[in-house]
Every structure is written in structure tokens, then in C-alpha cells.
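Read the structure below first, then the notes.
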Amino acid sequence: MTSPETAAQPEFTLRRNVTAPRDRVWRAWTDPAELTHWHHPAKVSTPLDTIVLDVRESGAYHYTMVNDENGDEYPTAGTYLLVDEGKRLVFTWGLPEDDPAESPVVSVDLAPSGDATEVILHVRGIAGEPGDDNVYDGWTEALENLAAHLEP
């Protein structure tokens with residue numbers, strides 16, 4: 001059952017099939033050496049030396065995305081709320097100074113799909129729609145980067 005508070009929150013879901021086994025996709029989400037290659041939109045990088053992941057419930061993470069054209073930095077941080085090894089991650093997502101209790105929540109579910117893995121990304125607490133050149137498009141591009149990074 002949906003509460004009035006939950007129903008009023010903006011949210012969106014993205015799905016992407018990735019040609020890689022689920023454990024490989026999981027590692028891409030939880031290993032800084034993997035995350036650096038894909039966890040950003042187009043024309044942005046996530047330098048390895050900015051990534052810190054404490055992948056456990058209540059563990060914190062942070063990274064900084066850098067605009068490749070002008071050097072602008074986009075620090076990002078949050079807390080892992082749920083870690084179901086190889087299957088599901090749920091974490092807050094925002095600026096380092098944001099109150100995690102008021103931050104958007106991202107869930108990532110990994111479902112086997114033949115020789116691929118379906119990545120189901122759900123963001124609750126922030127609006128996103130195709131063509132917004134921001135949150136929705138940024139996550140879409142990141143998932144495209146993930147798929148390209150993991151292609152055999």
C-alpha cells in the first residue's frame with residue numbers, strides 16, 4: 001500500500017540490459033576501479049582518486065564527477081541503506097552536505113536475463129524525465145556507459 005507521503009514524491013525508473021553476468025555487473029557498481037569507467041553522464045568523468053565506497057548497510061560513499069570540457073566538479077555522496085550482495089543496492093544520493101534523511105533514494109536491482117543482466121534503476125525523491133539534460137538523462141547515459149564498459 002502506498003502512503004500519501006510516498007505517493008507525492010517524484011520518481012522514475014530506468015531499465016537496461018547489460019551483456020554481462022550479474023556478478024560482473026555487481027562488481028561494476030561496487031568496485032571503484034570499475035565505477036570510474038562508467039558512473040557519469042556523457043562528457044563527464046569520475047576520477048578514480050575521488051571514489052570512496054564503503055559498500056555495507058550504513059556505509060558511506062562519495063565521488064566527484066568532473067566536466068570534461070570546463071573542469072566543473074560535481075561532488076556526490078550518500079549512504080548505503082540496503083546491500084543484498086549481487087542482487088540489490090539501495091542508497092541515498094545527493095551532495096556531501098545534504099541530510100541523508102532528506103536525500104533522494106536510488107535502488108538498483110540486478111536480474112538475470114538470459115546471457116545478460118537487467119539493471120533496474122529506480123530514483124525516488126527527485127523528478128526526472130527524458131530530455132531533462134539532468135537527472136534522467138544523466139542516469140540514462142551512465143547506464144549506457146555501463147553497458148559499453150561491460151560489453152564482451
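By order in the C-alpha cells, chains are A, B, ...; within a chain, residues start at 1; ligands start at 1, following the order shown.
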
List the spatial neighbours of Leu14 of chain A as a compact mmCIF listing (two decimals) with N, CA and C atoms, in the first residue's frame - criterion: any atom at most 9 Å away, only C-alpha atoms, same-chain residues fewer than 3 positions off excluded.
```txt
# COMPACT_ATOMS: atom_id res chain seq x y z
N VAL A 119 19.41 -4.34 -15.50
CA VAL A 119 19.63 -3.35 -14.44
C VAL A 119 18.36 -2.52 -14.35
N ILE A 120 17.74 -2.54 -13.18
CA ILE A 120 16.53 -1.76 -12.94
C ILE A 120 16.90 -0.69 -11.92
N LEU A 121 16.95 0.55 -12.37
CA LEU A 121 17.35 1.66 -11.52
C LEU A 121 16.11 2.50 -11.24
N HIS A 122 15.82 2.70 -9.97
CA HIS A 122 14.67 3.48 -9.56
C HIS A 122 15.15 4.63 -8.68
N VAL A 123 14.74 5.83 -9.02
CA VAL A 123 15.10 7.02 -8.23
C VAL A 123 13.82 7.60 -7.66
N TYR A 136 17.45 12.45 -15.20
CA TYR A 136 17.01 11.31 -16.01
C TYR A 136 18.02 11.03 -17.12
N TRP A 139 21.44 9.68 -15.67
CA TRP A 139 21.41 8.27 -15.30
C TRP A 139 21.29 7.39 -16.54
N THR A 140 20.53 7.82 -17.54
CA THR A 140 20.42 7.06 -18.79
C THR A 140 21.79 6.92 -19.44
N LEU A 143 24.02 4.50 -17.52
CA LEU A 143 23.71 3.10 -17.80
C LEU A 143 24.19 2.69 -19.19
```

Can you pull out the residues contacting Gly128 of chain A? Cut-off 10 Å, using only C-alpha atoms, and skip same-chain residues under 4 positions away; I want them as a PDB file with N, CA and C atoms, in the first residue's frame.
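Below is the file that was written, around19.pdb:
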```pdb
ATOM      1  N   PRO A  10       8.274  12.656  -6.302  1.00  0.00           N
ATOM      2  CA  PRO A  10       8.598  12.386  -7.699  1.00  0.00           C
ATOM      3  C   PRO A  10       9.523  11.173  -7.784  1.00  0.00           C
ATOM      4  N   GLU A  11       9.422  10.441  -8.892  1.00  0.00           N
ATOM      5  CA  GLU A  11      10.251   9.263  -9.060  1.00  0.00           C
ATOM      6  C   GLU A  11      10.278   8.853 -10.521  1.00  0.00           C
ATOM      7  N   PHE A  12      11.246   8.021 -10.865  1.00  0.00           N
ATOM      8  CA  PHE A  12      11.304   7.451 -12.206  1.00  0.00           C
ATOM      9  C   PHE A  12      12.109   6.163 -12.157  1.00  0.00           C
ATOM     10  N   THR A  13      11.927   5.339 -13.180  1.00  0.00           N
ATOM     11  CA  THR A  13      12.604   4.056 -13.279  1.00  0.00           C
ATOM     12  C   THR A  13      13.231   3.922 -14.663  1.00  0.00           C
ATOM     13  N   VAL A 123      14.738   5.830  -9.019  1.00  0.00           N
ATOM     14  CA  VAL A 123      15.104   7.016  -8.233  1.00  0.00           C
ATOM     15  C   VAL A 123      13.824   7.600  -7.659  1.00  0.00           C
ATOM     16  N   ARG A 124      13.792   7.749  -6.339  1.00  0.00           N
ATOM     17  CA  ARG A 124      12.636   8.320  -5.655  1.00  0.00           C
ATOM     18  C   ARG A 124      13.074   9.560  -4.896  1.00  0.00           C
ATOM     19  N   ASP A 132      15.527  15.896 -20.022  1.00  0.00           N
ATOM     20  CA  ASP A 132      15.745  16.918 -18.994  1.00  0.00           C
ATOM     21  C   ASP A 132      17.186  17.422 -18.942  1.00  0.00           C
ATOM     22  N   ASP A 133      18.101  16.764 -19.667  1.00  0.00           N
ATOM     23  CA  ASP A 133      19.509  17.141 -19.682  1.00  0.00           C
ATOM     24  C   ASP A 133      20.060  17.262 -18.264  1.00  0.00           C
ATOM     25  N   ASN A 134      19.552  16.409 -17.389  1.00  0.00           N
ATOM     26  CA  ASN A 134      19.966  16.463 -15.995  1.00  0.00           C
ATOM     27  C   ASN A 134      19.887  15.070 -15.396  1.00  0.00           C
ATOM     28  N   VAL A 135      19.001  14.856 -14.441  1.00  0.00           N
ATOM     29  CA  VAL A 135      18.951  13.621 -13.669  1.00  0.00           C
ATOM     30  C   VAL A 135      18.583  12.409 -14.526  1.00  0.00           C
ATOM     31  N   TYR A 136      17.451  12.447 -15.204  1.00  0.00           N
ATOM     32  CA  TYR A 136      17.011  11.312 -16.012  1.00  0.00           C
ATOM     33  C   TYR A 136      18.022  11.029 -17.118  1.00  0.00           C
ATOM     34  N   ASP A 137      18.373  12.055 -17.856  1.00  0.00           N
ATOM     35  CA  ASP A 137      19.322  11.866 -18.959  1.00  0.00           C
ATOM     36  C   ASP A 137      20.699  11.451 -18.439  1.00  0.00           C
ATOM     37  N   GLY A 138      21.116  11.995 -17.316  1.00  0.00           N
ATOM     38  CA  GLY A 138      22.416  11.633 -16.744  1.00  0.00           C
ATOM     39  C   GLY A 138      22.483  10.172 -16.345  1.00  0.00           C
ATOM     40  N   TRP A 139      21.441   9.684 -15.666  1.00  0.00           N
ATOM     41  CA  TRP A 139      21.408   8.266 -15.301  1.00  0.00           C
ATOM     42  C   TRP A 139      21.294   7.386 -16.543  1.00  0.00           C
TER      43      TRP A 139
END
```

Exercise for the section: Would you please give, as a PyMOL selection string, all residues of chain A that DSSP assigns to strand (DSSP E or B) based on the backbone? Expected result: chain A and resi 11-18+44-45+52-53+60-67+73-84+88-92+94+105-113+116-124

Handout entry: Top pick for closest residue to Thr30 of chain A, considering A:Val18, A:Thr79, A:Glu85, A:Glu73 and counting only C-alpha atoms
Key =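 Checking each candidate against Thr30 of chain A, we get A:Glu85 as the closest.
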
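Residues lying within 10 Å of segment 96-101 of chain A, counting only C-alpha atoms and ignoring same-chain neighbours fewer than 2 positions away, are A:Tyr61, A:His62, A:Tyr63, A:Pro75, A:Thr76, A:Ala77, A:Gly78, A:Thr79, A:Phe91, A:Thr92, A:Trp93, A:Gly94, A:Ser103, A:Pro104, A:Val105.
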
Exercise for the section: Check the smallest atom-to-atom distance from each of A:Val83, A:Leu53, A:Val44, A:Leu35 to Val66 of chain A using only C-alpha atoms, then report the winner. Expected result: A:Val44

Practice task
From chain A, collect each residue whose DSSP state is helix (DSSP H, G or I) and return the set as a PyMOL selection string.
Solution key: chain A and resi 4-8+22-30+32-35+48-50+100-102+135-150

Exercise for the section: In Å, rounded to a single decimal, give me how far atom CA of Thr64 of chain A is from atom CA of Glu129 of chain A. Expected result: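 About the pair atom CA of Glu129 of chain A and atom CA of Thr64 of chain A: they are 23.4 Å apart.
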
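Nearest residue to Asp68 of chain A, choosing from A:Asp54, A:Lys87, A:His40, A:Leu150 and counting only C-alpha atoms: A:His40.
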
Practice task
Identify which of the residues A:Ala147, A:Ala116, A:Val25, A:Ala60 lies closest to Leu81 of chain A, counting only C-alpha atoms when measuring atom-to-atom distances.
Solution key: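 Ranked by minimum distance to Leu81 of chain A, first place goes to A:Ala60.
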
Exercise for the section: Would you please work out which residue, of A:Gly59, A:Gly131, A:Pro152, A:Gly125, is nearest to Gln9 of chain A when using only C-alpha atoms? Expected result: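 Ranked by minimum distance to Gln9 of chain A, first place goes to A:Gly125.
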
Handout entry: Shortest interatomic distance to Thr46 of chain A - which of A:Ile126, A:Ala142, A:Val90, A:Val108, counting only C-alpha atoms
Key =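 Using only C-alpha atoms, Thr46 of chain A sits closest to A:Ala142.
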
Problem - Point-to-point distance from atom CA of Tyr74 of chain A to atom CA of Glu57 of chain A, Å rounded to tenths - result: 24.3 Å

Completion exercise
Taken to one decimal, the atom CA of Arg88 of chain A-atom CA of Asp109 of chain A distance is 4.6 Å
